[in-house]
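For reference, the structure discussed in these notes is given below.
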Amino acid sequence: MEVGFLGLGIMGKAMAVNLLKNGFNVTVWNRTLSKCEDLVEYGASVGQTPAEIVKKCKYTIAILADPAAALSVVFDKDGVLETMCSGKGYIDMSTVDAATSTKISKGILGKGGRFLEAPVSGSKKPAEDGQLIILAAGDKSLHDEITPAFDVMGKQTFFLGEVGNGAKMKLVVNMIMGRMRLNHSLQNGKVYSGKSMANAFSEGLVLSDRCGLSQQTLIDVLGLGAIGNPMFKLKGPAMIQERFDPQFPLKHQQKDMRLALGLGDDVGVSMPVAAAANEVFKKARSMGLGDLDFSAVYQAVKKP
């Protein structure tokens with residue numbers, strides 16, 4: 001399979017190397033062309049512009065830093081659209097917002113091409129090991145054709161329907177990951193930080209639902225990633241069904257949060273994430289949810 005690859009940052013380089021190691025013919029481009037040199041050692045060809053890559057290859061994959069970079073590569077001079085035409089496919093694996101993905105999709109379709117967004121969940125090591133989680137949406141036929149490449153770069157691919165859903169799912173996942181990473185860092189990995197995980201998880205479930213995404217798919221994606229946690233599989237399905245049989249009552253959770261914050265005050269430790277989580281548990285208690293399971297905090301997050 002002849003594949004073009006745009007963007008050789010930390011993620012892109014590792015992904016392109018895996019394609020080369022697994023027998024794909026890969027032509028690479030990077031804004032800083034010197035970054036292509038390492039890939040030549042693995043057998044890659046080098047293109048001088050995105051337009052040249054698209055002209056040469058039936059399939060072009062891109063993974064770029066941000067929305068501005070993703071748009072620039074497509075719409076600027078010597079960009080993807082200059083040579084995009086019928087029979088070609090563009091797969092954008094960048095993490096961008098849904099509006100950016102939709103704009104790129106319209107540009108590609110306007111030239112007769114096919115478009116698939118496919119942001120990835122994972123970091124450098126999973127990228128190197130071919131263990132990324134791929135969140136694809138858009139042209140299903142293109143998805144099916146590029147699956148051999150996805151199978152090399154990732155351990156599982158989710159097809160999420162129309163363009164924008166992949167971008168939205170990736171942002172929901174990263175929001176939860178960001179909350180949990182910050183929480184773990186600020187709380188030094190203490191036990192009560194694990195319980196406040198329910199807040200971040202609840203926000204993710206509500207956000208995914210409001211975006212029209214499958215909450216169960218969110219649980220599945222999280223379970224495969226770096227923040228995979230038994231709580232997601234144990235509590236997630238029940239939370240979606242709004243079943244909160246008490247395993248650890250919410251009122252006790254809020255009490256423990258309050259006492260932990262008091263302990264922090266005693267020893268001069270600032271715990272802003274725990275404090276914010278405590279406020280949500282307090283709201284849940286005020287809603288009469290104190291005797292239910294601590295996961296009922298989902299109801300407090302869900303309520304406007």
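Letters for chains follow the order of the structure tokens (A, B, ...), residue numbers begin at 1 for each chain, and ligand numbers begin at 1 in the order shown.
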Can you tell me, as a list in words, which residues in region 42-278 of chain A count as strand (DSSP E) by DSSP?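 The strand (DSSP E) residues within region 42-278 of chain A come out as Ser45, Val46, Tyr59, Thr60, Ile61, Ala62, Gly89, Tyr90, Ile91, Asp92, Arg114, Phe115, Leu116, Glu117, Val120, Ser121, Leu132, Ile133, Ile134, Leu135, Ala136, Ala137, Gly138, Gly154, Lys155, Gln156, Thr157, Phe158 and Phe159 of chain A.
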Hey, what's within 8 Å of Phe232 (chain A) if we count only C-alpha atoms and toss same-chain stuff fewer than 5 positions away? As a list in words, please?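 The residues that qualify are Phe201, Ile219, Leu222 and Gly223 of chain A.
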For the residues in that selection, give me all heavy atoms as a compact mmCIF listing (two decimals), in the first residue's frame.
# COMPACT_ATOMS: atom_id res chain seq x y z
N PHE A 201 -14.94 11.46 35.65
CA PHE A 201 -15.63 10.45 34.85
C PHE A 201 -17.07 10.87 34.59
O PHE A 201 -17.57 10.75 33.46
CB PHE A 201 -15.57 9.12 35.60
CG PHE A 201 -16.12 7.94 34.84
CD1 PHE A 201 -15.87 7.79 33.49
CD2 PHE A 201 -16.87 6.97 35.48
CE1 PHE A 201 -16.36 6.69 32.79
CE2 PHE A 201 -17.36 5.88 34.80
CZ PHE A 201 -17.12 5.74 33.45
N ILE A 219 -16.58 4.52 27.71
CA ILE A 219 -16.08 3.61 28.74
C ILE A 219 -15.08 2.62 28.13
O ILE A 219 -14.02 2.35 28.71
CB ILE A 219 -17.25 2.86 29.40
CG1 ILE A 219 -18.13 3.83 30.20
CG2 ILE A 219 -16.74 1.74 30.32
CD1 ILE A 219 -19.43 3.22 30.68
N LEU A 222 -11.76 4.45 27.31
CA LEU A 222 -11.00 4.73 28.54
C LEU A 222 -10.38 3.46 29.10
O LEU A 222 -9.25 3.47 29.60
CB LEU A 222 -11.92 5.36 29.59
CG LEU A 222 -12.40 6.78 29.29
CD1 LEU A 222 -13.46 7.19 30.30
CD2 LEU A 222 -11.24 7.77 29.31
N GLY A 223 -11.11 2.35 29.00
CA GLY A 223 -10.61 1.09 29.54
C GLY A 223 -9.38 0.58 28.83
O GLY A 223 -8.58 -0.17 29.40
From the list A:Leu116, A:Gln48, A:Val28, A:Ile61, which residue is nearest Ala149 (chain A) when using only C-alpha atoms? A:Ile61
Given the choices A:Ser121, A:Thr102, A:Asn174, A:Gln215, which gets closest to Met153 (chain A) if the distance is worked out from only C-alpha atoms?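 Closest to Met153 (chain A) of all the choices is A:Ser121.
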I want to know what sits within 12 Å of Val173 (chain A), based on only C-alpha atoms, with residues of the same chain fewer than 6 positions away left out; could you give that as a PyMOL selection string? chain A and resi 95+119-122+133-135+166-167+179-180+200-205+207-208+213+215+217-228
Could those residues be written to a file, using N, CA, C and O atoms, as a compact mmCIF listing (two decimals), in the first residue's frame?
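again.txt, written as the output of this step:
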# COMPACT_ATOMS: atom_id res chain seq x y z
N THR A 95 -5.33 15.87 16.57
CA THR A 95 -6.35 16.20 17.57
C THR A 95 -6.77 17.64 17.34
O THR A 95 -6.01 18.58 17.60
N PRO A 119 -8.36 10.78 15.04
CA PRO A 119 -7.45 11.14 16.12
C PRO A 119 -7.12 9.92 16.97
O PRO A 119 -7.90 8.96 17.02
N VAL A 120 -5.95 9.96 17.60
CA VAL A 120 -5.49 8.81 18.35
C VAL A 120 -5.40 9.14 19.84
O VAL A 120 -5.08 10.27 20.22
N SER A 121 -5.68 8.15 20.66
CA SER A 121 -5.48 8.25 22.10
C SER A 121 -4.24 7.45 22.44
O SER A 121 -4.15 6.26 22.12
N GLY A 122 -3.28 8.11 23.07
CA GLY A 122 -2.02 7.46 23.38
C GLY A 122 -0.89 8.46 23.26
O GLY A 122 -1.08 9.56 22.74
N ILE A 133 -5.00 3.94 20.29
CA ILE A 133 -6.45 3.75 20.15
C ILE A 133 -6.91 4.78 19.12
O ILE A 133 -6.68 5.98 19.30
N ILE A 134 -7.54 4.32 18.05
CA ILE A 134 -7.88 5.18 16.92
C ILE A 134 -9.39 5.44 16.92
O ILE A 134 -10.19 4.51 16.95
N LEU A 135 -9.75 6.73 16.86
CA LEU A 135 -11.15 7.15 16.96
C LEU A 135 -11.58 7.72 15.61
O LEU A 135 -11.49 8.92 15.37
N GLY A 166 -15.31 11.76 15.89
CA GLY A 166 -13.99 11.35 16.32
C GLY A 166 -13.30 12.44 17.11
O GLY A 166 -12.70 12.20 18.16
N ALA A 167 -13.39 13.67 16.60
CA ALA A 167 -12.79 14.81 17.28
C ALA A 167 -13.41 15.01 18.66
O ALA A 167 -12.71 15.24 19.65
N ARG A 179 -7.95 15.95 33.70
CA ARG A 179 -8.45 16.11 35.07
C ARG A 179 -7.79 15.13 36.02
O ARG A 179 -7.37 15.48 37.13
N MET A 180 -7.69 13.88 35.59
CA MET A 180 -7.15 12.85 36.46
C MET A 180 -5.65 13.02 36.67
O MET A 180 -5.13 12.81 37.76
N ALA A 200 -14.51 13.52 37.48
CA ALA A 200 -14.01 13.64 36.11
C ALA A 200 -14.74 12.68 35.18
O ALA A 200 -15.11 13.03 34.05
N PHE A 201 -14.94 11.46 35.65
CA PHE A 201 -15.63 10.45 34.85
C PHE A 201 -17.07 10.87 34.59
O PHE A 201 -17.57 10.75 33.46
N SER A 202 -17.73 11.39 35.60
CA SER A 202 -19.12 11.85 35.43
C SER A 202 -19.21 12.98 34.42
O SER A 202 -20.12 13.00 33.57
N GLU A 203 -18.29 13.93 34.51
CA GLU A 203 -18.29 15.02 33.54
C GLU A 203 -18.11 14.49 32.12
O GLU A 203 -18.76 14.97 31.18
N GLY A 204 -17.23 13.49 31.97
CA GLY A 204 -17.01 12.91 30.65
C GLY A 204 -18.25 12.20 30.13
O GLY A 204 -18.59 12.31 28.94
N LEU A 205 -18.94 11.47 30.99
CA LEU A 205 -20.16 10.78 30.57
C LEU A 205 -21.23 11.78 30.14
O LEU A 205 -21.90 11.58 29.12
N LEU A 207 -20.75 14.92 29.13
CA LEU A 207 -20.31 15.62 27.93
C LEU A 207 -20.47 14.75 26.69
O LEU A 207 -20.95 15.22 25.65
N SER A 208 -20.12 13.48 26.79
CA SER A 208 -20.27 12.60 25.63
C SER A 208 -21.74 12.45 25.24
O SER A 208 -22.08 12.45 24.05
N LEU A 213 -22.62 11.21 21.55
CA LEU A 213 -21.71 10.07 21.48
C LEU A 213 -22.19 8.96 22.39
O LEU A 213 -22.92 9.20 23.35
N GLN A 215 -22.01 6.64 25.34
CA GLN A 215 -21.32 6.60 26.64
C GLN A 215 -20.60 5.28 26.83
O GLN A 215 -19.52 5.24 27.44
N THR A 217 -19.21 3.50 24.52
CA THR A 217 -17.96 3.57 23.74
C THR A 217 -16.91 4.35 24.49
O THR A 217 -15.73 3.98 24.49
N LEU A 218 -17.32 5.43 25.14
CA LEU A 218 -16.37 6.19 25.97
C LEU A 218 -15.76 5.31 27.05
O LEU A 218 -14.54 5.33 27.26
N ILE A 219 -16.58 4.52 27.71
CA ILE A 219 -16.08 3.61 28.74
C ILE A 219 -15.08 2.62 28.13
O ILE A 219 -14.02 2.35 28.71
N ASP A 220 -15.41 2.11 26.95
CA ASP A 220 -14.53 1.14 26.28
C ASP A 220 -13.19 1.78 25.92
O ASP A 220 -12.13 1.17 26.09
N VAL A 221 -13.23 3.01 25.41
CA VAL A 221 -12.00 3.71 25.02
C VAL A 221 -11.13 3.96 26.25
O VAL A 221 -9.92 3.72 26.25
N LEU A 222 -11.76 4.45 27.31
CA LEU A 222 -11.00 4.73 28.54
C LEU A 222 -10.38 3.46 29.10
O LEU A 222 -9.25 3.47 29.60
N GLY A 223 -11.11 2.35 29.00
CA GLY A 223 -10.61 1.09 29.54
C GLY A 223 -9.38 0.58 28.83
O GLY A 223 -8.58 -0.17 29.40
N LEU A 224 -9.18 1.01 27.59
CA LEU A 224 -8.03 0.56 26.80
C LEU A 224 -6.81 1.45 26.98
O LEU A 224 -5.70 1.07 26.59
N GLY A 225 -7.01 2.65 27.54
CA GLY A 225 -5.94 3.64 27.57
C GLY A 225 -5.11 3.63 28.83
O GLY A 225 -5.26 2.79 29.72
N ALA A 226 -4.24 4.64 28.91
CA ALA A 226 -3.28 4.75 30.01
C ALA A 226 -3.98 4.96 31.35
O ALA A 226 -3.42 4.63 32.40
N ILE A 227 -5.18 5.53 31.33
CA ILE A 227 -5.89 5.77 32.59
C ILE A 227 -6.95 4.69 32.82
O ILE A 227 -7.86 4.88 33.62
N GLY A 228 -6.84 3.58 32.11
CA GLY A 228 -7.77 2.48 32.33
C GLY A 228 -7.86 2.14 33.80
O GLY A 228 -6.85 1.97 34.47
Which is closest to Ile108 (chain A) among A:Val74, A:Leu142, A:Ala277, A:Ala127, if we use only C-alpha atoms? A:Val74
In Å to one decimal, how far is CA of Leu8 (chain A) from CA of Ala137 (chain A)?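 Going from CA of Ala137 (chain A) over to CA of Leu8 (chain A) covers 22.6 Å.
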Taking 2 positions as the minimum chain separation for residues in the same chain, which residues sit within 10 Å of Met287 (chain A) when counting only C-alpha atoms? Answer as a VMD selection string. chain A and resid 281 to 285 289 to 290 297 299 to 300 303
Work out how far apart CA of Val96 (chain A) and CA of Ile176 (chain A) are and give it in Å to one decimal.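 Computing it gives 16.4 Å between the two atoms.
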Give me the residues within 8 Å of Tyr298 (chain A) as a list in words, counting only C-alpha atoms and dropping any in the same chain fewer than 4 places off.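 In the requested format, the answer is Ala198, Asn199, Ser202, Glu203, Val206, Met239 and Lys302 of chain A.
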What lies within 12 Å of Ser86 (chain A) using only C-alpha atoms, ignoring chain neighbours under 2 positions off, as a short mmCIF file (atom, residue, chain, number, x, y, z; two decimals) with C-alpha atoms, in the first residue's frame?
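For reference, result18.cif as written:
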data_model
loop_
_atom_site.label_atom_id
_atom_site.label_comp_id
_atom_site.auth_asym_id
_atom_site.auth_seq_id
_atom_site.Cartn_x
_atom_site.Cartn_y
_atom_site.Cartn_z
CA VAL A 54 -1.17 13.71 -2.35
CA LYS A 55 -0.40 13.62 -6.07
CA LYS A 58 -3.77 7.20 -3.09
CA TYR A 59 -3.95 7.57 0.71
CA LEU A 81 -6.25 20.55 -1.95
CA THR A 83 -3.76 17.87 -6.00
CA MET A 84 -6.70 16.24 -4.21
CA LYS A 88 -7.79 9.76 -3.29
CA GLY A 89 -8.33 9.61 0.46
CA TYR A 90 -7.19 11.93 3.24
CA ILE A 108 -11.53 17.38 0.57
CA LEU A 109 -15.01 16.38 -0.59
CA GLY A 110 -15.20 19.53 -2.70
CA LYS A 111 -12.26 18.24 -4.73
CA GLY A 112 -13.82 14.80 -5.14
CA GLY A 113 -11.73 13.06 -2.50
CA ARG A 114 -12.75 11.06 0.56
CA PHE A 115 -12.13 12.09 4.15
#
In terms of the shortest atom-to-atom distance over only C-alpha atoms, which of A:Gly212, A:Pro246, A:Gly12, A:Gly264 is closest to Ile63 (chain A)?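 Of A:Gly212, A:Pro246, A:Gly12, A:Gly264, the one nearest Ile63 (chain A) is A:Gly12, counting only C-alpha atoms.
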